[in-house]
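Dropping coords.cif in here (mmCIF, C-alpha atoms):
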data_target
loop_
_atom_site.group_PDB
_atom_site.id
_atom_site.type_symbol
_atom_site.label_atom_id
_atom_site.label_comp_id
_atom_site.auth_asym_id
_atom_site.auth_seq_id
_atom_site.Cartn_x
_atom_site.Cartn_y
_atom_site.Cartn_z
ATOM 1 C CA MET C 837 0.000 0.000 0.000
ATOM 2 C CA ASP C 838 2.907 2.390 0.717
ATOM 3 C CA THR C 839 4.126 1.866 -2.844
ATOM 4 C CA ILE C 840 0.770 3.020 -4.234
ATOM 5 C CA ASN C 841 0.696 6.007 -1.853
ATOM 6 C CA ASN C 842 4.247 6.928 -2.840
ATOM 7 C CA LEU C 843 3.423 6.572 -6.531
ATOM 8 C CA PHE C 844 0.381 8.854 -6.296
ATOM 9 C CA SER C 845 2.018 11.645 -4.354
ATOM 10 C CA PHE C 846 3.302 15.003 -5.469
ATOM 11 C CA PRO C 847 6.733 16.143 -4.303
ATOM 12 C CA ASN C 848 6.883 18.849 -1.676
ATOM 13 C CA PRO C 849 9.061 20.823 -1.947
ATOM 14 C CA VAL C 850 9.687 21.000 -5.697
ATOM 15 C CA ASN C 851 12.911 21.966 -7.433
ATOM 16 C CA GLU C 852 12.140 25.214 -9.272
ATOM 17 C CA PHE C 853 14.750 24.392 -11.930
ATOM 18 C CA SER C 854 12.974 21.132 -12.797
ATOM 19 C CA ALA C 855 9.605 22.879 -12.876
ATOM 20 C CA ARG C 856 10.901 25.513 -15.273
ATOM 21 C CA PHE C 857 12.397 22.900 -17.617
ATOM 22 C CA VAL C 858 9.106 20.988 -17.566
ATOM 23 C CA ALA C 859 7.286 24.207 -18.448
ATOM 24 C CA GLY C 860 9.680 24.833 -21.340
ATOM 25 C CA MET C 861 9.120 21.358 -22.734
ATOM 26 C CA VAL C 862 5.356 21.781 -22.271
ATOM 27 C CA ALA C 863 5.520 25.027 -24.269
ATOM 28 C CA ILE C 864 7.382 23.282 -27.105
ATOM 29 C CA LEU C 865 5.010 20.299 -27.095
ATOM 30 C CA THR C 866 1.988 22.595 -26.990
ATOM 31 C CA ILE C 867 3.235 24.589 -29.976
ATOM 32 C CA ALA C 868 3.797 21.310 -31.844
ATOM 33 C CA THR C 869 0.258 20.264 -30.923
ATOM 34 C CA ILE C 870 -1.186 23.513 -32.275
ATOM 35 C CA LEU C 871 0.804 23.264 -35.513
ATOM 36 C CA THR C 872 0.098 19.603 -36.226
ATOM 37 C CA GLU C 873 -3.456 19.352 -34.864
ATOM 38 C CA ASN C 874 -2.485 15.723 -34.247
ATOM 39 C CA GLN C 875 -4.741 13.790 -31.869
ATOM 40 C CA PHE C 876 -1.890 11.640 -30.576
ATOM 41 C CA VAL C 877 0.323 14.630 -29.795
ATOM 42 C CA ALA C 878 -2.639 16.324 -28.092
ATOM 43 C CA GLY C 879 -3.257 13.104 -26.165
ATOM 44 C CA PHE C 880 0.388 12.964 -25.079
ATOM 45 C CA LEU C 881 0.156 16.555 -23.834
ATOM 46 C CA LEU C 882 -3.003 15.673 -21.904
ATOM 47 C CA TYR C 883 -1.431 12.503 -20.488
ATOM 48 C CA GLY C 884 1.591 14.489 -19.299
ATOM 49 C CA PHE C 885 -0.530 16.882 -17.268
ATOM 50 C CA LEU C 886 -2.616 14.034 -15.861
ATOM 51 C CA ALA C 887 0.533 12.125 -14.877
ATOM 52 C CA ARG C 888 2.125 15.174 -13.237
ATOM 53 C CA VAL C 889 -1.029 16.036 -11.288
ATOM 54 C CA ALA C 890 -1.352 12.446 -10.068
ATOM 55 C CA THR C 891 2.298 11.540 -9.453
ATOM 56 C CA GLY C 892 4.550 14.558 -9.966
ATOM 57 C CA PRO C 893 7.340 13.562 -12.342
ATOM 58 C CA THR C 894 7.095 9.820 -11.575
ATOM 59 C CA LEU C 895 4.903 8.803 -14.548
ATOM 60 C CA SER C 896 5.486 11.861 -16.735
ATOM 61 C CA PRO C 897 8.021 11.445 -19.543
ATOM 62 C CA ILE C 898 8.660 15.202 -19.560
ATOM 63 C CA GLY C 899 8.903 15.268 -15.758
ATOM 64 C CA LEU C 900 11.362 12.394 -15.770
ATOM 65 C CA LEU C 901 13.449 13.999 -18.499
ATOM 66 C CA ALA C 902 13.674 17.226 -16.490
ATOM 67 C CA THR C 903 14.359 15.650 -13.077
ATOM 68 C CA ARG C 904 16.508 12.683 -14.098
ATOM 69 C CA VAL C 905 18.405 13.952 -17.143
ATOM 70 C CA ILE C 906 18.439 17.720 -17.703
ATOM 71 C CA VAL C 907 18.833 19.046 -14.151
ATOM 72 C CA PRO C 908 21.456 16.411 -13.213
ATOM 73 C CA ALA C 909 23.360 17.180 -16.435
ATOM 74 C CA LEU C 910 23.524 20.802 -15.303
ATOM 75 C CA GLY C 911 25.055 19.833 -11.951
ATOM 76 C CA ASN C 912 21.787 19.537 -10.002
ATOM 77 C CA PRO C 913 21.042 23.218 -9.385
ATOM 78 C CA THR C 914 18.425 23.428 -6.678
ATOM 79 C CA LYS C 915 15.938 26.060 -5.604
ATOM 80 C CA LEU C 916 13.169 24.577 -3.506
ATOM 81 C CA VAL C 917 9.628 25.913 -3.731
ATOM 82 C CA ALA C 918 6.345 24.654 -2.303
ATOM 83 C CA GLY C 919 4.761 21.666 -4.029
ATOM 84 C CA PRO C 920 1.011 22.351 -3.589
ATOM 85 C CA PRO C 921 0.983 25.534 -5.717
ATOM 86 C CA LYS C 922 2.885 23.705 -8.475
ATOM 87 C CA ARG C 923 0.386 20.846 -8.331
ATOM 88 C CA PHE C 924 -2.440 23.369 -8.599
ATOM 89 C CA ALA C 925 -0.724 24.882 -11.654
ATOM 90 C CA GLN C 926 -0.436 21.409 -13.216
ATOM 91 C CA THR C 927 -4.159 20.902 -12.534
ATOM 92 C CA VAL C 928 -4.953 24.129 -14.392
ATOM 93 C CA GLY C 929 -2.774 22.874 -17.255
ATOM 94 C CA LEU C 930 -4.702 19.601 -17.152
ATOM 95 C CA ALA C 931 -7.984 21.503 -17.498
ATOM 96 C CA PHE C 932 -6.644 23.471 -20.488
ATOM 97 C CA SER C 933 -5.148 20.433 -22.221
ATOM 98 C CA ALA C 934 -8.303 18.350 -21.622
ATOM 99 C CA THR C 935 -10.490 21.143 -22.997
ATOM 100 C CA ALA C 936 -8.248 21.469 -26.042
ATOM 101 C CA PHE C 937 -8.244 17.707 -26.597
ATOM 102 C CA VAL C 938 -12.051 17.568 -26.521
ATOM 103 C CA MET C 939 -12.291 20.569 -28.852
ATOM 104 C CA LEU C 940 -9.934 18.861 -31.293
ATOM 105 C CA MET C 941 -11.978 15.643 -31.157
ATOM 106 C CA LEU C 942 -15.130 17.674 -31.861
ATOM 107 C CA ASP C 943 -13.338 19.445 -34.722
ATOM 108 C CA PHE C 944 -13.577 22.878 -33.086
ATOM 109 C CA VAL C 945 -10.077 23.670 -34.288
ATOM 110 C CA LEU C 946 -10.085 27.401 -33.557
ATOM 111 C CA VAL C 947 -11.166 26.854 -29.936
ATOM 112 C CA PHE C 948 -8.535 24.100 -29.670
ATOM 113 C CA GLN C 949 -5.845 26.471 -30.960
ATOM 114 C CA ILE C 950 -6.885 29.390 -28.723
ATOM 115 C CA THR C 951 -7.003 27.174 -25.638
ATOM 116 C CA LEU C 952 -3.523 25.839 -26.316
ATOM 117 C CA ALA C 953 -2.191 29.300 -27.212
ATOM 118 C CA ILE C 954 -3.176 30.437 -23.717
ATOM 119 C CA LEU C 955 -1.394 27.399 -22.295
ATOM 120 C CA VAL C 956 1.741 28.278 -24.303
ATOM 121 C CA VAL C 957 1.774 31.813 -22.894
ATOM 122 C CA PHE C 958 1.620 30.596 -19.296
ATOM 123 C CA ALA C 959 4.131 27.786 -19.856
ATOM 124 C CA LEU C 960 6.567 30.289 -21.371
ATOM 125 C CA LEU C 961 6.032 32.698 -18.463
ATOM 126 C CA GLU C 962 6.959 29.893 -16.065
ATOM 127 C CA SER C 963 9.889 28.639 -18.116
ATOM 128 C CA VAL C 964 11.496 31.914 -19.181
ATOM 129 C CA ALA C 965 10.475 34.408 -16.477
ATOM 130 C CA GLY C 966 9.898 32.055 -13.542
ATOM 131 C CA PHE C 967 6.341 33.381 -13.104
ATOM 132 C CA CYS C 968 3.920 30.584 -12.226
ATOM 133 C CA ALA C 969 0.419 31.935 -12.862
ATOM 134 C CA GLY C 970 -1.172 28.918 -11.168
ATOM 135 C CA CYS C 971 1.003 29.546 -8.113
ATOM 136 C CA PHE C 972 -0.057 33.209 -8.156
ATOM 137 C CA VAL C 973 -3.738 32.211 -8.140
ATOM 138 C CA PHE C 974 -3.015 29.582 -5.473
ATOM 139 C CA SER C 975 -1.549 32.279 -3.197
ATOM 140 C CA TYR C 976 -4.786 34.264 -3.462
ATOM 141 C CA LEU C 977 -6.855 31.152 -2.754
ATOM 142 C CA MET C 978 -4.762 30.740 0.409
ATOM 143 C CA LYS C 979 -5.285 34.401 1.405
ATOM 144 C CA TRP C 980 -9.024 34.068 0.843
ATOM 145 C CA LYS C 981 -8.971 30.891 2.983
ATOM 146 C CA ILE C 982 -10.321 28.729 0.141
ATOM 147 C CA ILE C 983 -7.245 26.512 0.482
ATOM 148 C CA PRO C 984 -7.333 24.687 3.860
ATOM 149 C CA GLN C 985 -4.857 25.688 6.570
ATOM 150 C CA SER C 986 -3.255 22.221 6.461
ATOM 151 C CA VAL C 987 -2.219 22.835 2.851
ATOM 152 C CA CYS C 988 -1.019 26.339 3.704
ATOM 153 C CA GLU C 989 1.292 24.914 6.381
ATOM 154 C CA SER C 990 2.921 22.620 3.819
ATOM 155 C CA CYS C 991 3.652 25.661 1.625
ATOM 156 C CA VAL C 992 6.380 26.838 3.947
ATOM 157 C CA VAL C 993 9.818 25.979 2.538
ATOM 158 C CA GLY C 994 12.889 26.990 4.462
ATOM 159 C CA GLY C 995 10.910 29.226 6.819
ATOM 160 C CA ASN C 996 9.466 31.389 4.057
ATOM 161 C CA GLU C 997 6.011 31.111 2.587
ATOM 162 C CA GLN C 998 6.318 30.122 -1.063
ATOM 163 C CA ASN C 999 3.914 30.491 -3.924
#
Could you show the structure in this file as structure tokens?
Amino acid sequence: MDTINNLFSFPNPVNEFSARFVAGMVAILTIATILTENQFVAGFLLYGFLARVATGPTLSPIGLLATRVIVPALGNPTKLVAGPPKRFAQTVGLAFSATAFVMLMLDFVLVFQITLAILVVFALLESVAGFCAGCFVFSYLMKWKIIPQSVCESCVVGGNEQN
């Protein structure tokens, strides 16, 4: 049972460097999805978000590439940030990629493209500028007490509240 619980857990804290590389790869994959309008590529994008929401990088090819190959190849730079806001951001990405996938299946190509274009913008903001829009929203949900106090307590990394 511990193996299952460990599999379906999200890391906390998260290495910001890994998260930014994941976001960069998501941006590239999302652009490829828009350009090709390929159902399998769109499905892979959707699967990646689902895997990262459910297990962090454990079952995500992009997550594994970032955490096991790219970051170690760069000497394992580390900047720890809270996991719950990153999981929330992945959940938002899951909602966008699922919506886009359904729109593609229904042949609403323009809606599919617009939905993924929005996802590209936010993935690039995370990757290039280090701004996590999902984390930003998460911080407001904490301030408005929509996020339970128990989750807020786990958002403290190194004595500082992270978002």
*Of the candidates C:Phe853, C:Trp980, C:Tyr883, C:Phe948, which one gets nearest to Ala902 (chain C) if we count all atoms listed in the file?*
C:Phe853
*Between CA of Ser963 (chain C) and CA of Ala855 (chain C), what is the distance, to one decimal in Å?*
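For CA of Ser963 (chain C) relative to CA of Ala855 (chain C), the distance reads 7.8 Å.
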With the cut-off set at 10 Å and counting only C-alpha atoms, tabulate each residue of region 852-915 of chain C with an atom at most that distance from an atom of region 935-942 of chain C, showing the nearest atom pair and its distance in Å to one decimal, ordered by chain and increasing number, as CSV.
residue,atom,partner,partner_atom,distance
C:Thr869,CA,C:Phe937,CA,9.9
C:Ile870,CA,C:Ala936,CA,9.6
C:Glu873,CA,C:Leu940,CA,7.4
C:Asn874,CA,C:Leu940,CA,8.6
C:Gln875,CA,C:Leu940,CA,7.3
C:Phe876,CA,C:Phe937,CA,9.6
C:Val877,CA,C:Phe937,CA,9.6
C:Ala878,CA,C:Phe937,CA,6.0
C:Gly879,CA,C:Phe937,CA,6.8
C:Phe880,CA,C:Phe937,CA,10.0
C:Leu881,CA,C:Phe937,CA,8.9
C:Leu882,CA,C:Phe937,CA,7.3
_Going by the chain IDs and residue numbers used in this file, which residues fall under the PyMOL selection byres ((chain C and resi 856-860) around 8)? Write them as a PyMOL selection string._
chain C and resi 852-855+861-864+898-899+902+906+959-960+962-964+966
*Nearest to Lys922 (chain C) by atom-to-atom distance, counting all atoms listed in the file, from C:Ala868, C:Cys971, C:Leu977, C:Val987*: C:Cys971
All heavy atoms are needed for region 936-947 of chain C; please write them out as a PDB file, in the coordinates of the input.
ATOM      1  N   ALA C 936      -8.763  21.426 -24.670  1.00  0.00           N
ATOM      2  CA  ALA C 936      -8.248  21.469 -26.042  1.00  0.00           C
ATOM      3  C   ALA C 936      -8.412  20.125 -26.737  1.00  0.00           C
ATOM      4  O   ALA C 936      -8.791  20.072 -27.918  1.00  0.00           O
ATOM      5  CB  ALA C 936      -6.781  21.890 -26.023  1.00  0.00           C
ATOM      6  N   PHE C 937      -8.120  19.043 -26.014  1.00  0.00           N
ATOM      7  CA  PHE C 937      -8.244  17.707 -26.597  1.00  0.00           C
ATOM      8  C   PHE C 937      -9.686  17.449 -27.043  1.00  0.00           C
ATOM      9  O   PHE C 937      -9.928  16.979 -28.161  1.00  0.00           O
ATOM     10  CB  PHE C 937      -7.789  16.644 -25.587  1.00  0.00           C
ATOM     11  CG  PHE C 937      -7.773  15.259 -26.140  1.00  0.00           C
ATOM     12  CD1 PHE C 937      -6.722  14.816 -26.937  1.00  0.00           C
ATOM     13  CD2 PHE C 937      -8.816  14.379 -25.876  1.00  0.00           C
ATOM     14  CE1 PHE C 937      -6.711  13.530 -27.461  1.00  0.00           C
ATOM     15  CE2 PHE C 937      -8.814  13.101 -26.390  1.00  0.00           C
ATOM     16  CZ  PHE C 937      -7.756  12.664 -27.188  1.00  0.00           C
ATOM     17  N   VAL C 938     -10.637  17.770 -26.181  1.00  0.00           N
ATOM     18  CA  VAL C 938     -12.051  17.568 -26.521  1.00  0.00           C
ATOM     19  C   VAL C 938     -12.433  18.440 -27.716  1.00  0.00           C
ATOM     20  O   VAL C 938     -13.131  17.982 -28.637  1.00  0.00           O
ATOM     21  CB  VAL C 938     -12.957  17.854 -25.299  1.00  0.00           C
ATOM     22  CG1 VAL C 938     -14.431  17.905 -25.695  1.00  0.00           C
ATOM     23  CG2 VAL C 938     -12.733  16.803 -24.211  1.00  0.00           C
ATOM     24  N   MET C 939     -11.978  19.678 -27.732  1.00  0.00           N
ATOM     25  CA  MET C 939     -12.291  20.569 -28.852  1.00  0.00           C
ATOM     26  C   MET C 939     -11.716  20.022 -30.162  1.00  0.00           C
ATOM     27  O   MET C 939     -12.360  20.099 -31.212  1.00  0.00           O
ATOM     28  CB  MET C 939     -11.763  21.982 -28.592  1.00  0.00           C
ATOM     29  CG  MET C 939     -12.452  22.715 -27.458  1.00  0.00           C
ATOM     30  SD  MET C 939     -14.230  22.934 -27.711  1.00  0.00           S
ATOM     31  CE  MET C 939     -14.900  21.747 -26.556  1.00  0.00           C
ATOM     32  N   LEU C 940     -10.525  19.465 -30.099  1.00  0.00           N
ATOM     33  CA  LEU C 940      -9.934  18.861 -31.293  1.00  0.00           C
ATOM     34  C   LEU C 940     -10.758  17.660 -31.750  1.00  0.00           C
ATOM     35  O   LEU C 940     -11.026  17.506 -32.950  1.00  0.00           O
ATOM     36  CB  LEU C 940      -8.487  18.447 -31.028  1.00  0.00           C
ATOM     37  CG  LEU C 940      -7.728  17.822 -32.202  1.00  0.00           C
ATOM     38  CD1 LEU C 940      -7.641  18.797 -33.380  1.00  0.00           C
ATOM     39  CD2 LEU C 940      -6.346  17.373 -31.761  1.00  0.00           C
ATOM     40  N   MET C 941     -11.180  16.829 -30.807  1.00  0.00           N
ATOM     41  CA  MET C 941     -11.978  15.643 -31.157  1.00  0.00           C
ATOM     42  C   MET C 941     -13.315  16.058 -31.787  1.00  0.00           C
ATOM     43  O   MET C 941     -13.838  15.363 -32.659  1.00  0.00           O
ATOM     44  CB  MET C 941     -12.246  14.777 -29.919  1.00  0.00           C
ATOM     45  CG  MET C 941     -11.024  14.115 -29.314  1.00  0.00           C
ATOM     46  SD  MET C 941     -10.189  13.006 -30.458  1.00  0.00           S
ATOM     47  CE  MET C 941      -8.799  13.980 -30.922  1.00  0.00           C
ATOM     48  N   LEU C 942     -13.851  17.192 -31.326  1.00  0.00           N
ATOM     49  CA  LEU C 942     -15.130  17.674 -31.861  1.00  0.00           C
ATOM     50  C   LEU C 942     -14.952  18.535 -33.112  1.00  0.00           C
ATOM     51  O   LEU C 942     -15.915  19.065 -33.648  1.00  0.00           O
ATOM     52  CB  LEU C 942     -15.878  18.476 -30.783  1.00  0.00           C
ATOM     53  CG  LEU C 942     -16.314  17.687 -29.551  1.00  0.00           C
ATOM     54  CD1 LEU C 942     -16.916  18.623 -28.513  1.00  0.00           C
ATOM     55  CD2 LEU C 942     -17.292  16.579 -29.934  1.00  0.00           C
ATOM     56  N   ASP C 943     -13.695  18.674 -33.529  1.00  0.00           N
ATOM     57  CA  ASP C 943     -13.338  19.445 -34.722  1.00  0.00           C
ATOM     58  C   ASP C 943     -13.614  20.941 -34.575  1.00  0.00           C
ATOM     59  O   ASP C 943     -13.892  21.626 -35.547  1.00  0.00           O
ATOM     60  CB  ASP C 943     -14.030  18.884 -35.973  1.00  0.00           C
ATOM     61  CG  ASP C 943     -13.246  19.180 -37.243  1.00  0.00           C
ATOM     62  OD1 ASP C 943     -12.008  19.315 -37.157  1.00  0.00           O
ATOM     63  OD2 ASP C 943     -13.874  19.305 -38.317  1.00  0.00           O
ATOM     64  N   PHE C 944     -13.525  21.436 -33.344  1.00  0.00           N
ATOM     65  CA  PHE C 944     -13.577  22.878 -33.086  1.00  0.00           C
ATOM     66  C   PHE C 944     -12.139  23.373 -33.022  1.00  0.00           C
ATOM     67  O   PHE C 944     -11.586  23.665 -31.964  1.00  0.00           O
ATOM     68  CB  PHE C 944     -14.316  23.183 -31.787  1.00  0.00           C
ATOM     69  CG  PHE C 944     -15.781  22.828 -31.796  1.00  0.00           C
ATOM     70  CD1 PHE C 944     -16.332  22.097 -30.767  1.00  0.00           C
ATOM     71  CD2 PHE C 944     -16.601  23.237 -32.843  1.00  0.00           C
ATOM     72  CE1 PHE C 944     -17.678  21.778 -30.762  1.00  0.00           C
ATOM     73  CE2 PHE C 944     -17.954  22.921 -32.853  1.00  0.00           C
ATOM     74  CZ  PHE C 944     -18.495  22.188 -31.805  1.00  0.00           C
ATOM     75  N   VAL C 945     -11.520  23.436 -34.199  1.00  0.00           N
ATOM     76  CA  VAL C 945     -10.077  23.670 -34.288  1.00  0.00           C
ATOM     77  C   VAL C 945      -9.675  25.036 -33.749  1.00  0.00           C
ATOM     78  O   VAL C 945      -8.673  25.151 -33.049  1.00  0.00           O
ATOM     79  CB  VAL C 945      -9.588  23.467 -35.744  1.00  0.00           C
ATOM     80  CG1 VAL C 945      -8.117  23.784 -35.870  1.00  0.00           C
ATOM     81  CG2 VAL C 945      -9.870  22.030 -36.193  1.00  0.00           C
ATOM     82  N   LEU C 946     -10.445  26.065 -34.039  1.00  0.00           N
ATOM     83  CA  LEU C 946     -10.085  27.401 -33.557  1.00  0.00           C
ATOM     84  C   LEU C 946     -10.102  27.459 -32.025  1.00  0.00           C
ATOM     85  O   LEU C 946      -9.177  28.012 -31.416  1.00  0.00           O
ATOM     86  CB  LEU C 946     -11.005  28.470 -34.154  1.00  0.00           C
ATOM     87  CG  LEU C 946     -10.674  29.910 -33.761  1.00  0.00           C
ATOM     88  CD1 LEU C 946      -9.256  30.285 -34.225  1.00  0.00           C
ATOM     89  CD2 LEU C 946     -11.704  30.871 -34.345  1.00  0.00           C
ATOM     90  N   VAL C 947     -11.100  26.882 -31.408  1.00  0.00           N
ATOM     91  CA  VAL C 947     -11.166  26.854 -29.936  1.00  0.00           C
ATOM     92  C   VAL C 947      -9.999  26.038 -29.387  1.00  0.00           C
ATOM     93  O   VAL C 947      -9.361  26.422 -28.393  1.00  0.00           O
ATOM     94  CB  VAL C 947     -12.515  26.296 -29.446  1.00  0.00           C
ATOM     95  CG1 VAL C 947     -12.562  26.234 -27.925  1.00  0.00           C
ATOM     96  CG2 VAL C 947     -13.677  27.133 -29.973  1.00  0.00           C
TER      97      VAL C 947
END
